[in-house]
Amino acid sequence: QIIENVTVNGSLTIKDLTNDGNHYRIGGIVGQTIIPIKNCTNNATITLDGYSTDKALSVGGIVGYIDQDGADITGCHNTGSIVVKNSYASGEFRAAGIVGYINKTADILNCTNNGAISVTDITKFQFISGIVGAKLKNVTTIISDCVNGEGGDITASCPAHESAMYMAGIIAGCAGGASTSVLNCKNYGDITNDCEGINYTSTSSPSVSTGGVVGRVTDGQIKVTSCENHGAITNN
């Protein structure tokens, strides 16, 4: 089974998400996948207006959440912007132009993002990136020949908070112990952290990490080979 040669146009708007006992997975092609996705294009804008929950949210231009070994994403392209606003949430937040969150062993190959990502008011852990938001489990991932292109600018604006924000052109957060390889990837998008600051009175070890290719690596192994950053990085 495979999802392939699908193109989505138009827009997707979701308003006023609140606690209902579930985590949220949102994607331009599919919210959550257990099968590979190949040669698909999303041109639709994804807008989340109002998000007040302590549940995790994963948003991707192609897929929000990968939940099966071997569910590779190959040759996919996103031009749709992702806009998150009025969202005073305490749950973990992941957003990216291709995949919001990788939960199983899967590869991201030959994918391109040209859609901007704009996030305001999130107050918990944030992982925001052009290609992959985060991979935090003990699973192996290869991200190869992917480009966060012109138009793939990333902006986060939020109030002072007690948690962490990780931003990058290719992958924002990498942890979990297993290896991650980032090969032949390029970032052309500008990355702007316009948050008011981190409140270090918290016991949760808050931090900010911003990178042209990788945002933050903890508790895992990563190999970055032949990658380039051409975008401006701004921490206000």
# chains A, B, ... in the order shown; residues from 1 in each chain; ligands from 1

$ residues_around --residues "Asn113 in chain A" --least-positions-apart "2" --cutoff "8 Å" --atoms "only C-alpha atoms" --output "number ranges by chain"
A: 77-79, 97-98, 111, 115, 130-131, 147-149, 152

$ closest_residue --among "A:Gly70, A:Gly231, A:Pro36, A:Gly31" --to "Tyr188 in chain A" --atoms "only C-alpha atoms"
A:Gly231

$ residues_around --residues "Val99 in chain A" --least-positions-apart "3" --cutoff "9 Å" --atoms "only C-alpha atoms" --output "ChimeraX atom specification"
/A:27,58-66,73,94-96,102,108,130-134

$ atom_distance --atom1 "CA of Thr105 in chain A" --atom2 "CA of Gly215 in chain A"
20.1 Å

$ closest_residue --among "A:Thr13, A:Thr53, A:Arg25, A:Thr7" --to "Ile37 in chain A" --atoms "only C-alpha atoms"
A:Thr7

$ atom_distance --atom1 "CA of Gly80 in chain A" --atom2 "CA of Val8 in chain A"
9.5 Å

$ decode --residues "range 42-63 of chain A" --atoms "N, CA, C and O atoms" --output "PDB file, in the first residue's frame"
ATOM      1  N   ASN A  42       1.302  19.293  -1.798  1.00  0.00           N
ATOM      2  CA  ASN A  42       0.299  20.089  -1.091  1.00  0.00           C
ATOM      3  C   ASN A  42       0.497  21.562  -1.406  1.00  0.00           C
ATOM      4  O   ASN A  42       1.571  22.123  -1.160  1.00  0.00           O
ATOM      5  N   ASN A  43      -0.547  22.187  -1.961  1.00  0.00           N
ATOM      6  CA  ASN A  43      -0.550  23.623  -2.214  1.00  0.00           C
ATOM      7  C   ASN A  43      -1.516  24.358  -1.297  1.00  0.00           C
ATOM      8  O   ASN A  43      -1.717  25.567  -1.434  1.00  0.00           O
ATOM      9  N   ALA A  44      -2.133  23.642  -0.386  1.00  0.00           N
ATOM     10  CA  ALA A  44      -3.160  24.222   0.476  1.00  0.00           C
ATOM     11  C   ALA A  44      -2.540  24.867   1.712  1.00  0.00           C
ATOM     12  O   ALA A  44      -1.624  24.327   2.323  1.00  0.00           O
ATOM     13  N   THR A  45      -3.084  26.016   2.088  1.00  0.00           N
ATOM     14  CA  THR A  45      -2.698  26.666   3.331  1.00  0.00           C
ATOM     15  C   THR A  45      -3.378  25.969   4.511  1.00  0.00           C
ATOM     16  O   THR A  45      -4.565  25.655   4.454  1.00  0.00           O
ATOM     17  N   ILE A  46      -2.618  25.710   5.552  1.00  0.00           N
ATOM     18  CA  ILE A  46      -3.156  25.116   6.774  1.00  0.00           C
ATOM     19  C   ILE A  46      -3.161  26.189   7.858  1.00  0.00           C
ATOM     20  O   ILE A  46      -2.109  26.743   8.197  1.00  0.00           O
ATOM     21  N   THR A  47      -4.332  26.490   8.394  1.00  0.00           N
ATOM     22  CA  THR A  47      -4.466  27.513   9.429  1.00  0.00           C
ATOM     23  C   THR A  47      -5.094  26.903  10.669  1.00  0.00           C
ATOM     24  O   THR A  47      -6.154  26.292  10.606  1.00  0.00           O
ATOM     25  N   LEU A  48      -4.418  27.061  11.783  1.00  0.00           N
ATOM     26  CA  LEU A  48      -4.949  26.650  13.076  1.00  0.00           C
ATOM     27  C   LEU A  48      -5.172  27.910  13.903  1.00  0.00           C
ATOM     28  O   LEU A  48      -4.215  28.592  14.279  1.00  0.00           O
ATOM     29  N   ASP A  49      -6.429  28.228  14.159  1.00  0.00           N
ATOM     30  CA  ASP A  49      -6.799  29.466  14.843  1.00  0.00           C
ATOM     31  C   ASP A  49      -7.495  29.113  16.157  1.00  0.00           C
ATOM     32  O   ASP A  49      -8.664  28.764  16.181  1.00  0.00           O
ATOM     33  N   GLY A  50      -6.717  29.170  17.246  1.00  0.00           N
ATOM     34  CA  GLY A  50      -7.279  28.824  18.547  1.00  0.00           C
ATOM     35  C   GLY A  50      -6.943  27.407  18.943  1.00  0.00           C
ATOM     36  O   GLY A  50      -7.478  26.448  18.398  1.00  0.00           O
ATOM     37  N   TYR A  51      -6.022  27.254  19.884  1.00  0.00           N
ATOM     38  CA  TYR A  51      -5.539  25.929  20.281  1.00  0.00           C
ATOM     39  C   TYR A  51      -5.182  26.004  21.758  1.00  0.00           C
ATOM     40  O   TYR A  51      -4.115  26.458  22.135  1.00  0.00           O
ATOM     41  N   SER A  52      -6.102  25.569  22.598  1.00  0.00           N
ATOM     42  CA  SER A  52      -5.890  25.648  24.043  1.00  0.00           C
ATOM     43  C   SER A  52      -6.061  24.262  24.652  1.00  0.00           C
ATOM     44  O   SER A  52      -7.141  23.868  25.060  1.00  0.00           O
ATOM     45  N   THR A  53      -4.974  23.522  24.678  1.00  0.00           N
ATOM     46  CA  THR A  53      -5.008  22.146  25.162  1.00  0.00           C
ATOM     47  C   THR A  53      -3.637  21.748  25.672  1.00  0.00           C
ATOM     48  O   THR A  53      -2.624  22.353  25.294  1.00  0.00           O
ATOM     49  N   ASP A  54      -3.588  20.739  26.508  1.00  0.00           N
ATOM     50  CA  ASP A  54      -2.305  20.219  26.956  1.00  0.00           C
ATOM     51  C   ASP A  54      -1.892  18.983  26.164  1.00  0.00           C
ATOM     52  O   ASP A  54      -0.957  18.284  26.526  1.00  0.00           O
ATOM     53  N   LYS A  55      -2.583  18.695  25.060  1.00  0.00           N
ATOM     54  CA  LYS A  55      -2.263  17.555  24.201  1.00  0.00           C
ATOM     55  C   LYS A  55      -1.262  17.964  23.122  1.00  0.00           C
ATOM     56  O   LYS A  55      -1.212  19.108  22.696  1.00  0.00           O
ATOM     57  N   ALA A  56      -0.461  17.001  22.664  1.00  0.00           N
ATOM     58  CA  ALA A  56       0.528  17.275  21.632  1.00  0.00           C
ATOM     59  C   ALA A  56      -0.147  17.537  20.290  1.00  0.00           C
ATOM     60  O   ALA A  56      -1.165  16.935  19.957  1.00  0.00           O
ATOM     61  N   LEU A  57       0.446  18.430  19.504  1.00  0.00           N
ATOM     62  CA  LEU A  57      -0.043  18.762  18.172  1.00  0.00           C
ATOM     63  C   LEU A  57       1.086  18.603  17.172  1.00  0.00           C
ATOM     64  O   LEU A  57       2.177  19.151  17.360  1.00  0.00           O
ATOM     65  N   SER A  58       0.846  17.835  16.095  1.00  0.00           N
ATOM     66  CA  SER A  58       1.828  17.647  15.027  1.00  0.00           C
ATOM     67  C   SER A  58       1.204  18.081  13.707  1.00  0.00           C
ATOM     68  O   SER A  58       0.167  17.552  13.305  1.00  0.00           O
ATOM     69  N   VAL A  59       1.845  19.042  13.031  1.00  0.00           N
ATOM     70  CA  VAL A  59       1.330  19.593  11.783  1.00  0.00           C
ATOM     71  C   VAL A  59       2.413  19.493  10.713  1.00  0.00           C
ATOM     72  O   VAL A  59       3.564  19.880  10.948  1.00  0.00           O
ATOM     73  N   GLY A  60       2.054  18.981   9.540  1.00  0.00           N
ATOM     74  CA  GLY A  60       3.000  18.913   8.428  1.00  0.00           C
ATOM     75  C   GLY A  60       2.340  19.279   7.119  1.00  0.00           C
ATOM     76  O   GLY A  60       1.162  18.982   6.902  1.00  0.00           O
ATOM     77  N   GLY A  61       3.092  19.920   6.245  1.00  0.00           N
ATOM     78  CA  GLY A  61       2.557  20.238   4.927  1.00  0.00           C
ATOM     79  C   GLY A  61       2.152  18.996   4.147  1.00  0.00           C
ATOM     80  O   GLY A  61       1.183  19.005   3.393  1.00  0.00           O
ATOM     81  N   ILE A  62       2.880  17.900   4.344  1.00  0.00           N
ATOM     82  CA  ILE A  62       2.518  16.618   3.735  1.00  0.00           C
ATOM     83  C   ILE A  62       1.821  15.727   4.743  1.00  0.00           C
ATOM     84  O   ILE A  62       0.706  15.256   4.519  1.00  0.00           O
ATOM     85  N   VAL A  63       2.460  15.451   5.876  1.00  0.00           N
ATOM     86  CA  VAL A  63       1.874  14.567   6.886  1.00  0.00           C
ATOM     87  C   VAL A  63       2.217  15.086   8.280  1.00  0.00           C
ATOM     88  O   VAL A  63       3.334  15.545   8.533  1.00  0.00           O
TER      89      VAL A  63
END
